[in-house]
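**Q** Dropping in input_11.txt, with compact mmCIF, C-alpha atoms.
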```txt
# COMPACT_ATOMS: atom_id res chain seq x y z
CA ALA X 263 16.17 -10.80 7.48
CA SER X 264 13.64 -12.35 5.19
CA SER X 265 13.71 -11.67 1.49
CA ALA X 266 10.92 -12.07 -1.01
CA ALA X 267 10.35 -11.42 -4.67
CA ALA X 268 7.24 -10.68 -6.68
CA ALA X 269 7.03 -11.91 -10.23
CA ARG X 270 4.57 -12.05 -13.05
CA THR X 271 4.56 -14.29 -16.06
CA ARG X 272 2.75 -13.69 -19.31
CA GLU X 273 1.86 -16.38 -21.83
CA LEU X 274 0.02 -15.31 -24.95
CA HIS X 275 1.47 -17.22 -27.91
CA GLY X 276 2.54 -20.83 -27.56
CA ASP X 277 5.63 -21.15 -25.37
CA GLU X 278 6.44 -17.45 -25.28
CA ARG X 279 6.96 -16.47 -21.66
CA VAL X 280 8.38 -13.35 -20.05
CA LEU X 281 9.26 -13.22 -16.38
CA HIS X 282 9.51 -9.88 -14.57
CA PHE X 283 10.89 -9.66 -11.03
CA GLY X 284 9.10 -6.82 -9.33
CA LYS X 285 10.52 -6.29 -5.85
CA GLY X 286 12.29 -7.56 -2.78
CA HIS X 287 12.16 -6.54 0.85
CA SER X 288 13.55 -7.37 4.29
CA ILE X 289 12.20 -7.38 7.83
CA ARG X 290 13.79 -8.12 11.19
CA ALA X 291 12.32 -11.32 12.59
CA GLY X 292 14.84 -12.65 15.11
CA GLY X 293 16.77 -14.73 12.59
CA ASP X 294 18.26 -14.73 9.13
CA PHE X 295 16.51 -16.64 6.38
CA PHE X 296 15.50 -16.27 2.75
CA VAL X 297 12.22 -17.18 1.13
CA PHE X 298 12.41 -18.17 -2.53
CA ASP X 299 9.30 -18.65 -4.65
CA PHE X 300 9.57 -20.72 -7.82
CA LEU X 301 6.56 -19.96 -9.97
CA GLN X 302 5.20 -21.69 -13.04
CA HIS X 303 2.54 -20.13 -15.24
CA THR X 304 0.07 -22.84 -16.23
CA ALA X 305 -3.24 -21.01 -16.43
CA GLY X 306 -3.23 -20.32 -20.17
CA PRO X 307 -3.44 -16.87 -21.78
CA GLY X 308 -3.10 -14.07 -19.26
CA TYR X 309 -0.83 -12.86 -16.50
CA SER X 310 0.15 -14.82 -13.44
CA VAL X 311 0.53 -12.02 -10.89
CA ALA X 312 2.38 -12.93 -7.69
CA ASN X 313 3.57 -11.22 -4.54
CA ASN X 314 5.08 -12.07 -1.17
CA ASP X 315 4.73 -9.91 1.91
CA THR X 316 5.71 -10.85 5.42
CA ILE X 317 5.10 -8.90 8.64
CA ILE X 318 5.84 -9.39 12.32
CA THR X 319 2.50 -8.11 13.59
CA ALA X 320 -0.41 -5.85 12.65
CA ASP X 321 0.20 -3.74 15.76
CA SER X 322 2.99 -3.82 18.35
CA MET X 323 0.32 -4.50 20.99
CA VAL X 324 -0.96 -7.58 19.09
CA ARG X 325 0.91 -10.89 18.82
CA HIS X 326 1.82 -12.25 15.39
CA PHE X 327 -0.32 -15.38 15.84
CA CYS X 328 -3.55 -13.53 16.69
CA PRO X 329 -6.35 -13.61 14.06
CA ILE X 330 -5.97 -9.82 13.58
CA SER X 331 -2.33 -10.24 12.58
CA VAL X 332 -3.03 -13.26 10.39
CA PHE X 333 -5.87 -11.56 8.49
CA THR X 334 -3.81 -8.39 8.13
CA ALA X 335 -0.78 -10.27 6.78
CA MET X 336 -2.85 -12.16 4.19
CA ASN X 337 -4.56 -8.95 3.09
CA ASN X 338 -1.26 -7.10 2.91
CA ALA X 339 0.10 -9.72 0.50
CA LEU X 340 -3.06 -9.80 -1.62
CA ASN X 341 -3.22 -6.00 -1.82
CA ASP X 342 -0.52 -5.98 -4.52
CA LEU X 343 -2.81 -8.16 -6.64
CA PHE X 344 -6.00 -6.25 -5.89
CA LEU X 345 -4.46 -2.92 -6.95
CA MET X 346 -3.99 -4.46 -10.41
CA GLY X 347 -7.62 -5.55 -10.54
CA VAL X 348 -6.70 -9.18 -9.90
CA SER X 349 -9.12 -11.17 -7.74
CA GLU X 350 -9.58 -14.39 -9.74
CA SER X 351 -7.94 -17.81 -9.33
CA LEU X 352 -6.37 -16.67 -6.07
CA VAL X 353 -3.78 -18.96 -4.49
CA VAL X 354 -2.41 -18.19 -1.02
CA LEU X 355 0.66 -19.97 0.37
CA PRO X 356 1.11 -18.80 3.97
CA VAL X 357 4.61 -18.09 5.28
CA TYR X 358 4.71 -18.29 9.08
CA ASP X 359 6.46 -19.67 12.12
CA GLY X 360 6.45 -19.61 15.90
CA GLU X 361 6.10 -21.84 18.93
CA PRO X 362 3.80 -24.91 18.62
CA ASP X 363 0.85 -23.20 20.34
CA GLU X 364 1.35 -20.10 18.17
CA VAL X 365 1.41 -22.22 15.02
CA HIS X 366 -1.84 -23.84 16.12
CA SER X 367 -3.46 -20.40 16.49
CA ILE X 368 -2.17 -19.27 13.09
CA ARG X 369 -3.55 -22.35 11.34
CA ALA X 370 -6.96 -21.85 12.96
CA ALA X 371 -6.98 -18.21 11.80
CA LEU X 372 -6.03 -19.27 8.27
CA ALA X 373 -9.06 -21.58 8.18
CA ASP X 374 -11.24 -18.64 9.23
CA TYR X 375 -9.64 -16.51 6.51
CA ARG X 376 -10.55 -19.05 3.84
CA ALA X 377 -14.11 -19.15 5.20
CA PHE X 378 -14.29 -15.34 5.05
CA PHE X 379 -13.72 -15.42 1.28
CA ALA X 380 -16.04 -18.40 0.77
CA GLU X 381 -18.88 -16.52 2.49
CA ARG X 382 -18.43 -13.79 -0.13
CA GLY X 383 -18.45 -16.16 -3.06
CA VAL X 384 -14.72 -15.79 -3.79
CA PRO X 385 -12.85 -19.11 -4.09
CA LEU X 386 -9.52 -18.96 -2.26
CA ASP X 387 -7.03 -21.78 -2.79
CA LEU X 388 -5.23 -21.54 0.54
CA ARG X 389 -2.39 -24.06 0.67
CA ASP X 390 -1.13 -24.33 4.22
CA GLU X 391 2.15 -26.24 4.02
CA GLY X 392 3.06 -25.70 7.65
CA PRO X 393 5.55 -23.46 9.48
CA LEU X 394 9.02 -22.58 8.22
CA GLY X 395 10.66 -24.39 11.11
CA THR X 396 13.02 -21.55 11.99
CA GLY X 397 11.25 -20.36 15.13
CA ALA X 398 11.01 -16.80 13.78
CA LYS X 399 7.84 -15.00 14.78
CA VAL X 400 6.62 -13.96 11.34
CA ILE X 401 3.37 -14.14 9.41
CA GLY X 402 2.82 -13.51 5.71
CA ALA X 403 2.11 -15.20 2.41
CA THR X 404 3.04 -15.70 -1.19
CA VAL X 405 -0.05 -15.03 -3.26
CA VAL X 406 -0.80 -15.68 -6.93
CA GLY X 407 -3.73 -14.64 -9.09
CA LEU X 408 -4.75 -14.74 -12.75
CA ALA X 409 -5.30 -11.55 -14.76
CA LYS X 410 -7.11 -11.79 -18.09
CA HIS X 411 -6.63 -8.08 -18.65
CA GLU X 412 -3.70 -5.70 -19.10
CA LEU X 413 -1.99 -4.42 -15.96
CA PRO X 414 -1.23 -0.85 -14.84
CA GLY X 415 2.36 -0.11 -13.86
CA HIS X 416 4.63 2.48 -12.30
CA MET X 417 5.49 3.84 -15.76
CA GLY X 418 1.87 4.77 -16.38
CA LEU X 419 1.71 8.32 -14.97
CA LEU X 420 0.68 10.70 -17.76
CA PRO X 421 0.58 14.53 -17.89
CA GLY X 422 -2.85 15.90 -17.03
CA GLN X 423 -3.93 12.93 -14.95
CA GLU X 424 -5.41 13.22 -11.47
CA ILE X 425 -4.25 10.98 -8.62
CA LEU X 426 -6.87 9.43 -6.34
CA ALA X 427 -6.43 7.60 -3.03
CA THR X 428 -9.01 5.08 -1.87
CA ARG X 429 -8.88 6.00 1.83
CA TRP X 430 -7.29 8.48 4.22
CA LEU X 431 -3.72 8.25 5.49
CA GLY X 432 -2.30 7.88 8.99
CA ASP X 433 -3.55 4.57 10.37
CA LEU X 434 -0.11 3.49 11.61
CA SER X 435 0.42 7.00 13.00
CA LEU X 436 -2.70 6.58 15.11
CA LEU X 437 -1.46 3.25 16.44
CA SER X 438 1.86 4.91 17.29
CA MET X 439 0.03 7.69 19.14
CA HIS X 440 -2.06 5.15 21.02
CA ARG X 441 1.04 3.25 22.08
CA SER X 442 2.93 6.41 23.07
CA LEU X 443 0.13 7.76 25.23
CA HIS X 444 -1.27 4.67 26.87
CA PHE X 445 1.07 1.70 26.72
CA PRO X 446 1.56 0.06 29.18
CA TYR X 447 -1.22 1.94 30.98
CA GLN X 448 -4.91 1.16 31.08
CA PRO X 449 -6.93 1.40 27.84
CA HIS X 450 -8.13 4.89 26.98
CA PRO X 451 -11.92 5.08 26.46
CA SER X 452 -11.80 7.51 23.52
CA LEU X 453 -8.74 6.16 21.69
CA ASP X 454 -9.51 2.46 21.96
CA PRO X 455 -12.49 2.54 19.54
CA VAL X 456 -10.31 4.42 17.04
CA ARG X 457 -7.57 1.82 17.39
CA TRP X 458 -10.01 -1.01 16.81
CA LYS X 459 -11.37 0.77 13.75
CA ILE X 460 -7.83 0.89 12.33
CA LEU X 461 -7.30 -2.81 12.99
CA GLN X 462 -10.64 -3.51 11.35
CA ARG X 463 -9.36 -1.74 8.22
CA PHE X 464 -6.27 -3.91 8.26
CA CYS X 465 -8.43 -7.04 8.51
CA THR X 466 -10.63 -6.07 5.55
CA PRO X 467 -9.32 -7.09 2.11
CA ASN X 468 -9.57 -4.59 -0.76
CA LEU X 469 -11.69 -6.99 -2.81
CA LEU X 470 -14.26 -4.38 -3.78
CA VAL X 471 -11.54 -2.02 -4.97
CA ALA X 472 -10.12 -4.78 -7.18
CA GLY X 473 -13.47 -5.21 -8.90
CA VAL X 474 -13.78 -1.49 -9.62
CA ILE X 475 -10.21 -1.19 -10.91
CA ARG X 476 -10.69 -4.13 -13.26
CA ARG X 477 -13.49 -2.26 -15.05
CA TYR X 478 -11.03 0.53 -15.90
CA LEU X 479 -8.35 -1.69 -17.45
CA PRO X 480 -8.03 -2.88 -21.08
CA SER X 481 -8.77 -6.44 -22.09
CA LEU X 482 -5.88 -8.81 -22.63
CA GLY X 483 -3.86 -7.68 -25.65
CA GLU X 484 -5.68 -4.33 -25.90
CA ALA X 485 -3.68 -1.10 -25.72
CA PHE X 486 -4.18 1.35 -22.86
CA ASP X 487 -6.41 4.28 -23.80
CA PRO X 488 -5.96 7.22 -21.37
CA ALA X 489 -9.46 8.42 -22.29
CA ARG X 490 -10.92 5.21 -20.81
CA HIS X 491 -8.41 3.53 -18.54
CA VAL X 492 -6.50 3.78 -15.27
CA THR X 493 -2.82 3.65 -16.25
CA PHE X 494 -1.10 3.79 -12.86
CA SER X 495 -1.84 1.93 -9.64
CA SER X 496 0.12 1.45 -6.42
CA ASP X 497 -0.60 0.99 -2.74
CA VAL X 498 0.34 3.21 0.18
CA SER X 499 1.59 0.47 2.52
CA GLY X 500 5.10 0.14 3.98
CA PRO X 501 6.72 2.89 1.87
CA GLY X 502 3.75 5.24 2.24
CA LEU X 503 3.79 8.05 -0.32
CA PHE X 504 7.33 7.11 -1.29
CA VAL X 505 5.62 5.16 -4.08
CA LEU X 506 4.95 8.49 -5.83
CA GLU X 507 8.68 9.05 -6.08
CA GLU X 508 9.13 5.67 -7.76
CA GLY X 509 6.23 6.37 -10.11
CA ALA X 510 7.49 9.83 -11.03
CA ARG X 511 10.96 8.54 -11.83
CA ALA X 512 9.69 5.55 -13.81
CA SER X 513 7.26 7.71 -15.80
CA GLY X 514 9.56 10.73 -16.20
CA VAL X 515 7.00 13.23 -14.88
CA ASP X 516 6.52 15.95 -12.27
CA ILE X 517 3.82 15.40 -9.65
CA TYR X 518 1.91 18.03 -7.69
CA ILE X 519 0.54 17.07 -4.25
CA GLY X 520 -2.34 19.41 -3.56
CA ASP X 521 -3.87 17.76 -0.51
CA MET X 522 -3.20 15.17 2.17
CA LYS X 523 -6.01 13.72 4.27
CA PHE X 524 -5.32 12.00 7.58
CA ILE X 525 -7.69 10.05 9.79
CA ASP X 526 -6.67 12.19 12.78
CA GLU X 527 -4.13 14.98 12.30
CA LYS X 528 -3.33 14.99 16.04
CA SER X 529 -1.39 11.76 15.51
CA LEU X 530 1.13 13.64 13.38
CA GLY X 531 2.50 15.28 16.51
CA PHE X 532 3.94 11.95 17.63
CA TYR X 533 7.20 11.02 16.00
CA ARG X 534 7.08 8.36 13.33
CA LYS X 535 9.67 8.08 10.56
CA ASN X 536 6.97 7.86 7.87
CA GLN X 537 3.58 9.25 8.85
CA THR X 538 2.01 8.10 5.57
CA SER X 539 2.94 4.40 5.74
CA SER X 540 0.27 1.77 6.25
CA THR X 541 -0.46 -1.95 6.18
CA ASN X 542 -2.97 -3.31 3.67
CA GLY X 543 -2.98 0.35 2.75
CA PRO X 544 -4.91 2.76 0.54
CA ILE X 545 -4.52 2.36 -3.20
CA LEU X 546 -3.36 5.21 -5.46
CA LEU X 547 -4.89 5.41 -8.94
CA SER X 548 -4.07 7.83 -11.75
CA ALA X 549 -6.41 8.69 -14.62
CA MET X 550 -7.46 11.57 -16.84
CA PRO X 551 -9.99 13.94 -15.19
CA ALA X 552 -13.12 12.54 -16.87
CA VAL X 553 -12.07 8.97 -16.07
CA ALA X 554 -11.09 9.96 -12.52
CA GLU X 555 -14.55 11.47 -12.02
CA ARG X 556 -16.28 8.22 -13.01
CA LEU X 557 -13.77 6.16 -11.04
CA GLU X 558 -14.35 8.17 -7.87
CA SER X 559 -18.10 7.77 -8.26
CA ASP X 560 -17.79 4.00 -8.74
CA LEU X 561 -15.50 3.65 -5.73
CA ARG X 562 -17.96 5.54 -3.55
CA ALA X 563 -20.79 3.38 -4.84
CA ALA X 564 -18.74 0.33 -3.79
CA GLY X 565 -18.61 1.68 -0.24
CA LEU X 566 -15.29 3.54 -0.26
CA GLU X 567 -16.54 6.80 1.24
CA GLU X 568 -13.04 8.16 2.00
CA VAL X 569 -11.78 8.28 -1.61
CA TRP X 570 -10.07 11.64 -2.25
CA ARG X 571 -7.97 13.59 -4.76
CA LEU X 572 -4.31 13.72 -3.74
CA GLY X 573 -2.93 15.69 -6.65
CA ARG X 574 -2.14 15.57 -10.35
CA VAL X 575 0.56 14.78 -12.87
CA ARG X 576 2.00 18.04 -14.22
CA GLY X 577 4.07 17.11 -17.22
CA LYS X 578 7.06 15.26 -18.58
CA SER X 579 10.40 16.07 -16.96
CA ALA X 580 14.03 15.14 -17.44
CA SER X 581 14.48 15.51 -13.67
CA PRO X 582 11.20 14.40 -12.08
CA THR X 583 10.17 16.44 -9.06
CA ILE X 584 7.32 16.29 -6.57
CA PHE X 585 5.81 19.72 -5.91
CA ILE X 586 3.93 20.25 -2.66
CA ASN X 587 1.17 22.78 -2.03
CA GLU X 588 2.50 25.41 0.37
CA GLU X 589 -0.88 25.44 2.11
CA LEU X 590 -0.01 22.02 3.52
CA ARG X 591 2.75 23.64 5.60
CA ARG X 592 0.17 25.80 7.34
CA ARG X 593 -2.11 22.81 7.88
CA PHE X 594 0.61 20.65 9.39
CA PRO X 595 2.82 22.96 11.51
CA SER X 596 5.38 21.45 13.86
CA GLU X 597 8.10 22.74 16.15
CA ASP X 598 9.82 19.35 16.07
CA PRO X 599 11.79 18.81 12.82
CA ARG X 600 11.21 15.07 13.16
CA THR X 601 7.45 15.54 12.80
CA ASP X 602 7.57 18.39 10.27
CA PHE X 603 6.66 17.15 6.79
CA PHE X 604 8.53 20.01 5.21
CA ALA X 605 11.53 20.64 7.47
CA PRO X 606 14.08 22.47 5.29
CA GLU X 607 17.30 20.65 4.64
CA VAL X 608 18.69 21.90 1.35
CA HIS X 609 18.17 25.37 -0.14
CA PHE X 610 19.57 26.51 -3.42
CA GLY X 611 18.33 28.79 -6.15
CA SER X 612 16.33 31.98 -5.83
CA GLY X 613 13.63 33.93 -7.54
CA GLU X 614 11.89 31.73 -10.07
CA ALA X 615 14.36 28.87 -9.51
CA LEU X 616 13.24 25.88 -7.49
CA HIS X 617 13.40 26.28 -3.74
CA ARG X 618 14.11 22.69 -2.81
CA GLU X 619 13.10 21.57 0.66
CA ARG X 620 13.24 18.41 2.65
CA ALA X 621 9.92 16.62 2.96
CA PRO X 622 10.35 13.68 5.36
CA ILE X 623 7.63 11.67 3.62
CA PHE X 624 10.19 11.15 0.86
CA GLU X 625 13.45 9.42 1.67
CA ARG X 626 15.65 11.04 -0.97
CA MET X 627 15.09 14.57 0.20
CA GLU X 628 16.31 16.37 -2.91
CA PHE X 629 13.35 14.93 -4.76
CA CYS X 630 10.78 17.34 -3.35
CA ALA X 631 10.20 21.00 -4.00
CA LYS X 632 8.09 23.55 -2.20
CA GLU X 633 5.46 25.33 -4.25
```
For the file at hand, write its structure as structure tokens.

**A**
Amino acid sequence: ASSAAAARTRELHGDERVLHFGKGHSIRAGGDFFVFDFLQHTAGPGYSVANNDTIITADSMVRHFCPISVFTAMNNALNDLFLMGVSESLVVLPVYDGEPDEVHSIRAALADYRAFFAERGVPLDLRDEGPLGTGAKVIGATVVGLAKHELPGHMGLLPGQEILATRWLGDLSLLSMHRSLHFPYQPHPSLDPVRWKILQRFCTPNLLVAGVIRRYLPSLGEAFDPARHVTFSSDVSGPGLFVLEEGARASGVDIYIGDMKFIDEKSLGFYRKNQTSSTNGPILLSAMPAVAERLESDLRAAGLEEVWRLGRVRGKSASPTIFINEELRRRFPSEDPRTDFFAPEVHFGSGEALHRERAPIFERMEFCAKE
């Protein structure tokens, strides 16, 4: 398995530096290896925001060395920077491997990726140091950017806030449906355009979103003001909506999910462990209603026509819980427990007490409650 860590360093006064390790993850790539990133903050006042993400492919029907997979992998790594409004002084250090001809294809795609950003006036310091030399078929990157503003975090969910998502869910579910129905058969005339649209999403970086988010964050050293700022940001990628569980626990709040929008709800009938997961996924943002209204308008003006309201933060809680609108059960019925978002697993309490139910979009099932 590969392992990676995200870190950020802040330098504001002389030699004062604080290093925060943000995450680690593993994937199966045909061999065991670790990737360690040693980062030094040298950009002056601000935050050095860094992330590493590595994938095997954008789609099981696409090889890891294809341009689609390379663009998707770079975007997936950068997404953790973009969701914090970071799109300046970007450094990309690709992490990849494969056979010699595959490495050649990857390096050509990386050159195209750099050109893509240059055409949009965004300098991208892409430092291709060659393959890992392990033979593992992986593609990804360590990415670093400079933030001269304060950063939202998972502890930023506040009572009364509304939660927005920048695009609809279910892109990986659609790819799973496509594979289940038609692989290894001939391409399907109606599904193929949908599949290519999904892959196009994966290949498109969330640069525009980063610019909008940055306008709703405080300047460096300024305190967060809920009346003006976005205080929580996360992306719906590998973990899908599991990120709400992490945010609720970190913030000590209850969350109410009032709606879920999917690109095509028919794809939910095909088993997938997490129907809400994505790659280079939608970004979740939390803000007070007046701020959320302006934010939604600005996102739409930037071309994000699918932005939608997922739910709201209810209030502080000693035992954070995610409440789910009962109407969603009627919208997403299923006779197969594996594809039922709300398949009951644990029931205790009665009357006004919580009726806890399993919701497979959340791994620790006791965390969700029916409403």

**Q** Here is a test: counting all atoms listed in the file, which residue of X:Leu345, X:Leu386, X:Met336, X:Ile368 is nearest to Ala427 (chain X)?

**A**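 Closest to Ala427 (chain X), using all atoms listed in the file: X:Leu345.
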
**Q** Which residue, X:Leu461, X:Val492, X:Ala312, X:Val575, has the smallest gap to Leu434 (chain X) when you use only C-alpha atoms?

**A**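 Going through X:Leu461, X:Val492, X:Ala312, X:Val575 one by one, the smallest distance to Leu434 (chain X) is for X:Leu461.
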
**Q** Using all atoms listed in the file for the distances, tell me which of X:Gly347, X:Gly573, X:Pro488, X:Gly422 is nearest to Tyr309 (chain X).

**A**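 When distances to Tyr309 (chain X) are compared using all atoms listed in the file, the smallest one comes from X:Gly347.
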
**Q** So, with only C-alpha atoms as the atoms that count, which of X:Ser540, X:Thr583, X:Ser548, X:Asn338 lies closest to Ser499 (chain X)?

**A**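 For Ser499 (chain X), the nearest of the candidates is X:Ser540.
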
**Q** Quote the spacing between CA of Phe532 (chain X) and CA of Leu506 (chain X) in Å to one decimal place.

**A**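 Going from CA of Phe532 (chain X) over to CA of Leu506 (chain X) covers 23.7 Å.
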
**Q** Looking at X:Ser539, X:Thr493, X:Asn587, X:Ser579, which one is nearest to Val553 (chain X), with distances taken over all atoms listed in the file?

**A**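 Of X:Ser539, X:Thr493, X:Asn587, X:Ser579, the one nearest Val553 (chain X), counting all atoms listed in the file, is X:Thr493.
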
**Q** Write out as CSV a residue-level contact list of region 448-532 of chain X versus region 407-419 of chain X with cut-off 10 Å: for each qualifying residue the closest pair of atoms and the distance in Å to one decimal, counting only C-alpha atoms, rows sorted by chain and residue number upward.

**A**
```
residue,atom,partner,partner_atom,distance
X:Ile475,CA,X:Pro414,CA,9.8
X:Arg476,CA,X:His411,CA,7.8
X:Arg477,CA,X:His411,CA,9.7
X:Tyr478,CA,X:Pro414,CA,10.0
X:Leu479,CA,X:Glu412,CA,6.4
X:Pro480,CA,X:Glu412,CA,5.5
X:Ser481,CA,X:His411,CA,4.4
X:Leu482,CA,X:His411,CA,4.1
X:Gly483,CA,X:Glu412,CA,6.8
X:Glu484,CA,X:Glu412,CA,7.2
X:Ala485,CA,X:Glu412,CA,8.1
X:Phe486,CA,X:Glu412,CA,8.0
X:Pro488,CA,X:Gly418,CA,9.6
X:His491,CA,X:Pro414,CA,9.2
X:Val492,CA,X:Pro414,CA,7.0
X:Thr493,CA,X:Gly418,CA,4.8
X:Phe494,CA,X:Gly418,CA,4.7
X:Ser495,CA,X:Pro414,CA,5.9
X:Ser496,CA,X:His416,CA,7.5
X:Val505,CA,X:His416,CA,8.7
X:Leu506,CA,X:His416,CA,8.8
X:Glu507,CA,X:His416,CA,9.9
X:Glu508,CA,X:His416,CA,7.1
X:Gly509,CA,X:His416,CA,4.7
X:Ala510,CA,X:Leu419,CA,7.2
X:Arg511,CA,X:Met417,CA,8.2
X:Ala512,CA,X:Met417,CA,4.9
X:Ser513,CA,X:Met417,CA,4.3
X:Gly514,CA,X:Met417,CA,8.0
X:Val515,CA,X:Leu419,CA,7.2
X:Asp516,CA,X:Leu419,CA,9.4
X:Ile517,CA,X:Leu419,CA,9.1
```
